[in-house]
Amino acid sequence: MSHLQKKWAKARISSAMAGEANMVLDEADEDRAFHFHHALTQTQTPQDDDSASSSSMSSTGTVIPSPSRALFARPQGFAGGRSLDPIPWTTYFERELFLPSVATTATRISEDSTTAITTTATITHHVYLTSPAAGGKGPLFVMHHGAGSSGLSFAVLSAEIRKRLPIPDLGLDTLATDLQRVVELTQAAMKWGELPPVILVGHSLGGAVVTELARRNGSGGVGTNLLGYAVLDVVEGSAMDALQSMQTYLSTRPQGFASLRDGIDWHVRSRTVRNSVSARTSVPALLVDKTPAAAAAAEEEAAGQSVRSRDAGSGSGDGDGDGDGDGEAMMVALAAAAAKHRKKPWRWRTNLAATQPFWEDWFFGLSKKFLEGRGGKLLLLAGTDRLDTELTIGQMQGKYALQVFPEAGHFIHEDLPEKTAMALVDFYRRNDRSTLVLPPKVSDLLAQGKRV
């Protein structure tokens with residue numbers, strides 16, 4: 001064998017021996033990697049489960065790797081699109097309280113047993129609170145967290161509890177009482193000795209509320225200071241008819257907006273509010289940024305649907321894996337929903353659909369109540385077609401003043417603020433008692449020596 005042949009053969013033998021060594025090393029690494037992956041699968045929810053994994057689970061819970069599983073793939077964390085942004089406590093509670101307790105005193109004996117050492121400490125308790133429903137008559141769940149935990153560990157649970165409890169009382173009587181209380185508290189805060197002359201003005205539901213309060217005048221209302229009340233674009237007949245399609249309207253309007261500007265733009269383009277200046281002022285108060293809460297809710301739902309889909313697939317035994325395909329499709333769809341929530345974080349502050357149990361109570365008998373209340377009465381409408389029979393008769397009898405603004409929409413006071421202001425000021429002047437000039441009393445004339 002030549003020198004060149006010997007060198008070539010020696011290189012081949014060295015290469016083969018190195019390959020065997022590497023093979024042994026790779027097998028050892030593979031074994032360690034498999035055990036590491038196996039440990040992770042015991043603590044994490046697998047993201048790419050398939051039908052084979054369900055059939056490879058033994059009765060003792062031991063995971064047997066299937067050929068299709070990537071043993072060395074990097075363990076998956078959260079599903080695509082899931083956010084890890086913190087969720088503020090305001091999503092779940094209405095307020096937080098810091099309650100300092102009375103100072104506590106503790107006495108201990110020094111180590112040499114010669115002196116007594118007294119220490120004083122003040123403890124501040126941190127409380128998250130959502131007031132009981134039903135005007136304080138609902139239950140108050142008092143919860144205490146575990147060692148090393150936080151009161152916010154009950155946050156999501158508290159939201160689920162509220163879903164299953166009766167909603168607060170929003171009946172007409174309660175709303176009128178609230179309005180009366182607001183007037184009283186304002187008087188106290190401003191330190192008014194007595195209320196100035198009062199004109200109650202209410203739009204839509206607010207019209208029903210001010211009418212109810214006006215009917216109480218003298219027995220819990222605003223007393224003799226009430227000059228009159230004005231109702232804007234609400235009558236019993238049209239209101240009760242509109243309630244039939246209210247849920248349809250709520251389901252077709254946008255559920256959220258990408259920004260406040262988009263919310264304002266929708267109100268103007270849909271002619272919900274026809275005055276852009278007023279819309280730019282009033283609409284921001286109707287919306288709230290629920291980016292963390294909305295995304296978290298959608299992602300929780302996505303996770304729940306995914307788990308249920310996998311459970312359904314696991315129950316199919318050695319099926320063809322369609323259950324897993326459906327689960328993945330569901331996961332993708334719900335992840336898209338979560339992304340949509342993040343794209344349109346500005347949501348309606350008030351859940352009108354949740355108030356449906358009170359809708360009829362708000363407007364039932366409104367026309368009769370309006371005509372029976374004390375003081376002057378003004379009705380502003382966007383069209384005469386809104387008048388029902390009872391109000392038509394009352395208007396012909398001169399029981400109230402009526403003005404119609406056909407160029408306005410439902411939000412009369414926003415669409416035509418100048419004309420509405422003129423109508424209200426004129427209504428006040430016609431009912432202002434301070435401008436009345438009464439004839440002198442006969443007794444005063446006689447006391448002055450005048451002949452009567």
# chains A, B, ... in the order shown; residues from 1 in each chain; ligands from 1
>>> residues_around(residues="A:Ala423", least_positions_apart="5", cutoff="12 Å", atoms="only C-alpha atoms", output="PDB file with N, CA, C and O atoms, in the first residue's frame")
ATOM      1  N   VAL A 201     -85.359  69.764  33.747  1.00  0.00           N
ATOM      2  CA  VAL A 201     -85.280  69.476  32.313  1.00  0.00           C
ATOM      3  C   VAL A 201     -84.769  68.048  32.150  1.00  0.00           C
ATOM      4  O   VAL A 201     -83.710  67.698  32.690  1.00  0.00           O
ATOM      5  N   ALA A 230     -89.542  70.570  31.970  1.00  0.00           N
ATOM      6  CA  ALA A 230     -89.543  70.413  30.513  1.00  0.00           C
ATOM      7  C   ALA A 230     -89.085  69.018  30.149  1.00  0.00           C
ATOM      8  O   ALA A 230     -88.110  68.515  30.720  1.00  0.00           O
ATOM      9  N   VAL A 231     -89.786  68.413  29.217  1.00  0.00           N
ATOM     10  CA  VAL A 231     -89.482  67.059  28.762  1.00  0.00           C
ATOM     11  C   VAL A 231     -89.078  67.131  27.293  1.00  0.00           C
ATOM     12  O   VAL A 231     -89.794  67.711  26.475  1.00  0.00           O
ATOM     13  N   LEU A 232     -87.923  66.518  26.974  1.00  0.00           N
ATOM     14  CA  LEU A 232     -87.372  66.593  25.620  1.00  0.00           C
ATOM     15  C   LEU A 232     -87.514  65.268  24.898  1.00  0.00           C
ATOM     16  O   LEU A 232     -86.909  64.258  25.274  1.00  0.00           O
ATOM     17  N   LYS A 377     -95.470  73.285  32.370  1.00  0.00           N
ATOM     18  CA  LYS A 377     -95.061  72.088  31.629  1.00  0.00           C
ATOM     19  C   LYS A 377     -94.694  72.478  30.201  1.00  0.00           C
ATOM     20  O   LYS A 377     -95.424  73.219  29.543  1.00  0.00           O
ATOM     21  N   LEU A 378     -93.569  71.956  29.737  1.00  0.00           N
ATOM     22  CA  LEU A 378     -93.109  72.207  28.367  1.00  0.00           C
ATOM     23  C   LEU A 378     -92.697  70.884  27.752  1.00  0.00           C
ATOM     24  O   LEU A 378     -91.962  70.100  28.366  1.00  0.00           O
ATOM     25  N   LEU A 379     -93.152  70.650  26.543  1.00  0.00           N
ATOM     26  CA  LEU A 379     -92.798  69.433  25.808  1.00  0.00           C
ATOM     27  C   LEU A 379     -92.145  69.841  24.496  1.00  0.00           C
ATOM     28  O   LEU A 379     -92.748  70.532  23.669  1.00  0.00           O
ATOM     29  N   LEU A 380     -90.878  69.439  24.307  1.00  0.00           N
ATOM     30  CA  LEU A 380     -90.154  69.706  23.065  1.00  0.00           C
ATOM     31  C   LEU A 380     -90.016  68.391  22.305  1.00  0.00           C
ATOM     32  O   LEU A 380     -89.499  67.407  22.847  1.00  0.00           O
ATOM     33  N   LEU A 381     -90.462  68.377  21.053  1.00  0.00           N
ATOM     34  CA  LEU A 381     -90.438  67.165  20.242  1.00  0.00           C
ATOM     35  C   LEU A 381     -89.739  67.421  18.919  1.00  0.00           C
ATOM     36  O   LEU A 381     -89.655  68.556  18.441  1.00  0.00           O
ATOM     37  N   ALA A 401     -97.254  73.578  27.261  1.00  0.00           N
ATOM     38  CA  ALA A 401     -96.721  74.248  26.074  1.00  0.00           C
ATOM     39  C   ALA A 401     -96.009  73.216  25.206  1.00  0.00           C
ATOM     40  O   ALA A 401     -95.315  72.323  25.717  1.00  0.00           O
ATOM     41  N   LEU A 402     -96.154  73.331  23.915  1.00  0.00           N
ATOM     42  CA  LEU A 402     -95.566  72.377  22.973  1.00  0.00           C
ATOM     43  C   LEU A 402     -94.775  73.130  21.914  1.00  0.00           C
ATOM     44  O   LEU A 402     -95.253  74.107  21.340  1.00  0.00           O
ATOM     45  N   GLN A 403     -93.546  72.668  21.661  1.00  0.00           N
ATOM     46  CA  GLN A 403     -92.745  73.178  20.560  1.00  0.00           C
ATOM     47  C   GLN A 403     -92.147  71.999  19.805  1.00  0.00           C
ATOM     48  O   GLN A 403     -91.702  71.015  20.421  1.00  0.00           O
ATOM     49  N   VAL A 404     -92.146  72.119  18.489  1.00  0.00           N
ATOM     50  CA  VAL A 404     -91.665  71.039  17.634  1.00  0.00           C
ATOM     51  C   VAL A 404     -90.504  71.554  16.792  1.00  0.00           C
ATOM     52  O   VAL A 404     -90.592  72.636  16.177  1.00  0.00           O
ATOM     53  N   PHE A 405     -89.405  70.777  16.772  1.00  0.00           N
ATOM     54  CA  PHE A 405     -88.230  71.091  15.962  1.00  0.00           C
ATOM     55  C   PHE A 405     -88.024  69.957  14.955  1.00  0.00           C
ATOM     56  O   PHE A 405     -87.266  69.021  15.203  1.00  0.00           O
ATOM     57  N   ILE A 412     -82.466  66.523  20.705  1.00  0.00           N
ATOM     58  CA  ILE A 412     -82.839  67.887  20.334  1.00  0.00           C
ATOM     59  C   ILE A 412     -81.866  68.907  20.909  1.00  0.00           C
ATOM     60  O   ILE A 412     -81.408  69.828  20.221  1.00  0.00           O
ATOM     61  N   HIS A 413     -81.559  68.772  22.181  1.00  0.00           N
ATOM     62  CA  HIS A 413     -80.729  69.757  22.867  1.00  0.00           C
ATOM     63  C   HIS A 413     -79.302  69.780  22.351  1.00  0.00           C
ATOM     64  O   HIS A 413     -78.595  70.779  22.516  1.00  0.00           O
ATOM     65  N   LEU A 416     -79.839  71.201  18.244  1.00  0.00           N
ATOM     66  CA  LEU A 416     -80.243  72.616  18.150  1.00  0.00           C
ATOM     67  C   LEU A 416     -80.124  73.273  19.526  1.00  0.00           C
ATOM     68  O   LEU A 416     -81.135  73.610  20.159  1.00  0.00           O
ATOM     69  N   PRO A 417     -78.914  73.478  20.015  1.00  0.00           N
ATOM     70  CA  PRO A 417     -78.770  74.042  21.364  1.00  0.00           C
ATOM     71  C   PRO A 417     -79.298  75.466  21.481  1.00  0.00           C
ATOM     72  O   PRO A 417     -79.843  75.838  22.528  1.00  0.00           O
ATOM     73  N   GLU A 418     -79.168  76.287  20.434  1.00  0.00           N
ATOM     74  CA  GLU A 418     -79.626  77.670  20.523  1.00  0.00           C
ATOM     75  C   GLU A 418     -81.145  77.741  20.621  1.00  0.00           C
ATOM     76  O   GLU A 418     -81.695  78.442  21.480  1.00  0.00           O
ATOM     77  N   TYR A 428     -89.089  79.675  31.287  1.00  0.00           N
ATOM     78  CA  TYR A 428     -88.798  80.161  32.645  1.00  0.00           C
ATOM     79  C   TYR A 428     -89.438  81.519  32.882  1.00  0.00           C
ATOM     80  O   TYR A 428     -90.059  81.765  33.934  1.00  0.00           O
ATOM     81  N   ARG A 429     -89.297  82.415  31.932  1.00  0.00           N
ATOM     82  CA  ARG A 429     -89.824  83.761  32.106  1.00  0.00           C
ATOM     83  C   ARG A 429     -91.347  83.757  32.250  1.00  0.00           C
ATOM     84  O   ARG A 429     -91.905  84.545  33.016  1.00  0.00           O
ATOM     85  N   ARG A 430     -91.984  82.874  31.525  1.00  0.00           N
ATOM     86  CA  ARG A 430     -93.451  82.825  31.615  1.00  0.00           C
ATOM     87  C   ARG A 430     -93.927  82.233  32.938  1.00  0.00           C
ATOM     88  O   ARG A 430     -95.088  82.416  33.318  1.00  0.00           O
TER      89      ARG A 430
END
>>> closest_atom_pairs(of="stretch 341-390 of chain A", to="stretch 240-257 of chain A", cutoff="12 Å", atoms="only C-alpha atoms", output="JSON lines")
{"residue": "A:His341", "atom": "CA", "partner": "A:Gly256", "partner_atom": "CA", "distance": 7.9}
{"residue": "A:Arg342", "atom": "CA", "partner": "A:Gly256", "partner_atom": "CA", "distance": 9.9}
{"residue": "A:Lys343", "atom": "CA", "partner": "A:Phe257", "partner_atom": "CA", "distance": 7.9}
{"residue": "A:Lys344", "atom": "CA", "partner": "A:Phe257", "partner_atom": "CA", "distance": 4.5}
{"residue": "A:Pro345", "atom": "CA", "partner": "A:Phe257", "partner_atom": "CA", "distance": 6.3}
{"residue": "A:Trp346", "atom": "CA", "partner": "A:Phe257", "partner_atom": "CA", "distance": 5.0}
{"residue": "A:Arg347", "atom": "CA", "partner": "A:Gly256", "partner_atom": "CA", "distance": 4.6}
{"residue": "A:Trp348", "atom": "CA", "partner": "A:Gly256", "partner_atom": "CA", "distance": 6.9}
{"residue": "A:Arg349", "atom": "CA", "partner": "A:Gly256", "partner_atom": "CA", "distance": 10.4}
{"residue": "A:Thr350", "atom": "CA", "partner": "A:Gln255", "partner_atom": "CA", "distance": 11.6}
{"residue": "A:Asn351", "atom": "CA", "partner": "A:Leu250", "partner_atom": "CA", "distance": 9.6}
{"residue": "A:Leu352", "atom": "CA", "partner": "A:Leu250", "partner_atom": "CA", "distance": 7.9}
{"residue": "A:Ala353", "atom": "CA", "partner": "A:Gln247", "partner_atom": "CA", "distance": 6.9}
{"residue": "A:Ala354", "atom": "CA", "partner": "A:Gln247", "partner_atom": "CA", "distance": 10.3}
{"residue": "A:Thr355", "atom": "CA", "partner": "A:Gln247", "partner_atom": "CA", "distance": 10.9}
{"residue": "A:Gln356", "atom": "CA", "partner": "A:Gln247", "partner_atom": "CA", "distance": 8.7}
{"residue": "A:Pro357", "atom": "CA", "partner": "A:Leu243", "partner_atom": "CA", "distance": 11.3}
{"residue": "A:Phe358", "atom": "CA", "partner": "A:Leu243", "partner_atom": "CA", "distance": 10.9}
{"residue": "A:Trp359", "atom": "CA", "partner": "A:Leu243", "partner_atom": "CA", "distance": 7.3}
{"residue": "A:Glu360", "atom": "CA", "partner": "A:Met240", "partner_atom": "CA", "distance": 7.0}
{"residue": "A:Asp361", "atom": "CA", "partner": "A:Met240", "partner_atom": "CA", "distance": 10.1}
{"residue": "A:Trp362", "atom": "CA", "partner": "A:Met240", "partner_atom": "CA", "distance": 9.5}
{"residue": "A:Phe363", "atom": "CA", "partner": "A:Met240", "partner_atom": "CA", "distance": 6.9}
{"residue": "A:Phe364", "atom": "CA", "partner": "A:Met240", "partner_atom": "CA", "distance": 7.6}
{"residue": "A:Gly365", "atom": "CA", "partner": "A:Met240", "partner_atom": "CA", "distance": 10.2}
{"residue": "A:Leu366", "atom": "CA", "partner": "A:Met240", "partner_atom": "CA", "distance": 10.1}
{"residue": "A:Ser367", "atom": "CA", "partner": "A:Met240", "partner_atom": "CA", "distance": 11.5}
{"residue": "A:Arg386", "atom": "CA", "partner": "A:Asp241", "partner_atom": "CA", "distance": 10.5}
{"residue": "A:Asp388", "atom": "CA", "partner": "A:Met240", "partner_atom": "CA", "distance": 11.0}
>>> write_last_selection(atoms="C-alpha atoms", output="mmCIF file, in the first residue's frame")
data_model
loop_
_atom_site.group_PDB
_atom_site.id
_atom_site.type_symbol
_atom_site.label_atom_id
_atom_site.label_comp_id
_atom_site.auth_asym_id
_atom_site.auth_seq_id
_atom_site.Cartn_x
_atom_site.Cartn_y
_atom_site.Cartn_z
ATOM 1 C CA HIS A 341 -60.933 43.678 20.980
ATOM 2 C CA ARG A 342 -57.465 45.144 21.136
ATOM 3 C CA LYS A 343 -58.013 47.042 17.890
ATOM 4 C CA LYS A 344 -61.263 48.597 19.161
ATOM 5 C CA PRO A 345 -60.669 49.162 22.869
ATOM 6 C CA TRP A 346 -63.087 52.069 23.364
ATOM 7 C CA ARG A 347 -66.300 50.466 24.624
ATOM 8 C CA TRP A 348 -69.653 51.801 25.777
ATOM 9 C CA ARG A 349 -69.493 52.857 29.398
ATOM 10 C CA THR A 350 -73.125 51.894 30.078
ATOM 11 C CA ASN A 351 -74.521 48.458 29.277
ATOM 12 C CA LEU A 352 -77.996 49.482 28.129
ATOM 13 C CA ALA A 353 -79.026 45.913 27.357
ATOM 14 C CA ALA A 354 -78.633 44.998 31.039
ATOM 15 C CA THR A 355 -81.324 47.551 31.977
ATOM 16 C CA GLN A 356 -84.034 45.858 29.898
ATOM 17 C CA PRO A 357 -86.031 44.651 32.962
ATOM 18 C CA PHE A 358 -86.785 48.304 33.801
ATOM 19 C CA TRP A 359 -87.661 49.651 30.366
ATOM 20 C CA GLU A 360 -91.436 49.395 30.642
ATOM 21 C CA ASP A 361 -91.443 50.742 34.194
ATOM 22 C CA TRP A 362 -89.644 53.859 33.000
ATOM 23 C CA PHE A 363 -92.270 54.916 30.461
ATOM 24 C CA PHE A 364 -95.548 53.232 31.459
ATOM 25 C CA GLY A 365 -98.155 55.897 32.282
ATOM 26 C CA LEU A 366 -95.774 58.728 31.404
ATOM 27 C CA SER A 367 -98.351 60.840 29.541
ATOM 28 C CA ARG A 386 -94.609 61.411 18.479
ATOM 29 C CA ASP A 388 -100.095 60.084 21.584
#
>>> residues_around(residues="stretch 153-163 of chain A", least_positions_apart="5", cutoff="9 Å", atoms="only C-alpha atoms", output="PDB file with N, CA and C atoms, in the first residue's frame")
ATOM      1  N   TRP A  89     -56.893  47.189  38.422  1.00  0.00           N
ATOM      2  CA  TRP A  89     -57.909  46.747  39.370  1.00  0.00           C
ATOM      3  C   TRP A  89     -59.253  47.412  39.091  1.00  0.00           C
ATOM      4  N   THR A  91     -60.831  47.474  36.544  1.00  0.00           N
ATOM      5  CA  THR A  91     -61.645  46.629  35.671  1.00  0.00           C
ATOM      6  C   THR A  91     -62.666  45.839  36.472  1.00  0.00           C
ATOM      7  N   TYR A  92     -62.349  45.536  37.719  1.00  0.00           N
ATOM      8  CA  TYR A  92     -63.180  44.639  38.513  1.00  0.00           C
ATOM      9  C   TYR A  92     -63.830  45.301  39.728  1.00  0.00           C
ATOM     10  N   PHE A  93     -63.235  46.357  40.250  1.00  0.00           N
ATOM     11  CA  PHE A  93     -63.767  46.982  41.459  1.00  0.00           C
ATOM     12  C   PHE A  93     -64.022  48.465  41.210  1.00  0.00           C
ATOM     13  N   TYR A 128     -60.215  46.407  48.368  1.00  0.00           N
ATOM     14  CA  TYR A 128     -60.871  46.668  47.088  1.00  0.00           C
ATOM     15  C   TYR A 128     -62.368  46.438  47.281  1.00  0.00           C
ATOM     16  N   THR A 130     -66.514  46.802  45.734  1.00  0.00           N
ATOM     17  CA  THR A 130     -67.632  47.111  44.853  1.00  0.00           C
ATOM     18  C   THR A 130     -68.874  47.073  45.721  1.00  0.00           C
ATOM     19  N   ALA A 133     -75.202  45.409  45.533  1.00  0.00           N
ATOM     20  CA  ALA A 133     -76.253  45.800  44.589  1.00  0.00           C
ATOM     21  C   ALA A 133     -77.563  46.018  45.340  1.00  0.00           C
ATOM     22  N   PHE A 141     -69.877  40.085  49.948  1.00  0.00           N
ATOM     23  CA  PHE A 141     -68.914  38.995  50.067  1.00  0.00           C
ATOM     24  C   PHE A 141     -67.602  39.573  50.583  1.00  0.00           C
ATOM     25  N   MET A 143     -63.835  38.783  51.425  1.00  0.00           N
ATOM     26  CA  MET A 143     -62.863  37.761  51.027  1.00  0.00           C
ATOM     27  C   MET A 143     -61.480  38.115  51.564  1.00  0.00           C
ATOM     28  N   HIS A 144     -60.740  37.115  51.993  1.00  0.00           N
ATOM     29  CA  HIS A 144     -59.386  37.300  52.510  1.00  0.00           C
ATOM     30  C   HIS A 144     -58.452  36.391  51.743  1.00  0.00           C
ATOM     31  N   HIS A 145     -57.359  36.954  51.243  1.00  0.00           N
ATOM     32  CA  HIS A 145     -56.429  36.181  50.417  1.00  0.00           C
ATOM     33  C   HIS A 145     -55.529  35.304  51.264  1.00  0.00           C
TER      34      HIS A 145
END
>>> closest_residue(among="A:Val222, A:Gly148, A:Thr118, A:Ile109", to="A:Val182", atoms="only C-alpha atoms")
A:Val222
>>> atom_distance(atom1="atom CA of A:Gly409", atom2="atom CA of A:Ala382")
6.1 Å
>>> residues_around(residues="A:Ser204", least_positions_apart="5", cutoff="9 Å", atoms="only C-alpha atoms", output="MDAnalysis selection string")
chainID A and resid 231:235 239 410:411
>>> closest_residue(among="A:Leu84, A:Leu387, A:Ala189, A:Ala208", to="A:Leu175", atoms="only C-alpha atoms")
A:Ala208
>>> closest_residue(among="A:Ala285, A:Leu140, A:Val209, A:Ala447", to="A:Gly171", atoms="only C-alpha atoms")
A:Val209
>>> decode(residues="stretch 139-151 of chain A", atoms="N, CA and C atoms", output="short mmCIF file (atom, residue, chain, number, x, y, z; two decimals), in the first residue's frame")
data_model
loop_
_atom_site.label_atom_id
_atom_site.label_comp_id
_atom_site.auth_asym_id
_atom_site.auth_seq_id
_atom_site.Cartn_x
_atom_site.Cartn_y
_atom_site.Cartn_z
N PRO A 139 -76.03 41.07 48.97
CA PRO A 139 -75.03 40.48 49.85
C PRO A 139 -73.67 41.15 49.68
N LEU A 140 -72.90 41.16 50.75
CA LEU A 140 -71.53 41.68 50.73
C LEU A 140 -70.59 40.49 50.97
N PHE A 141 -69.88 40.08 49.95
CA PHE A 141 -68.91 39.00 50.07
C PHE A 141 -67.60 39.57 50.58
N VAL A 142 -67.19 39.15 51.76
CA VAL A 142 -65.93 39.59 52.35
C VAL A 142 -64.90 38.49 52.16
N MET A 143 -63.83 38.78 51.43
CA MET A 143 -62.86 37.76 51.03
C MET A 143 -61.48 38.12 51.56
N HIS A 144 -60.74 37.12 51.99
CA HIS A 144 -59.39 37.30 52.51
C HIS A 144 -58.45 36.39 51.74
N HIS A 145 -57.36 36.95 51.24
CA HIS A 145 -56.43 36.18 50.42
C HIS A 145 -55.53 35.30 51.26
N GLY A 146 -54.80 34.45 50.61
CA GLY A 146 -53.88 33.55 51.29
C GLY A 146 -52.53 34.19 51.53
N ALA A 147 -51.65 33.44 52.23
CA ALA A 147 -50.33 33.94 52.57
C ALA A 147 -49.54 34.24 51.30
N GLY A 148 -48.95 35.42 51.25
CA GLY A 148 -48.15 35.81 50.10
C GLY A 148 -48.96 36.18 48.89
N SER A 149 -50.29 36.24 49.01
CA SER A 149 -51.14 36.55 47.87
C SER A 149 -51.69 37.96 48.01
N SER A 150 -52.66 38.29 47.20
CA SER A 150 -53.22 39.64 47.15
C SER A 150 -54.73 39.56 47.06
N GLY A 151 -55.37 40.64 47.49
CA GLY A 151 -56.82 40.70 47.37
C GLY A 151 -57.29 40.61 45.94
#
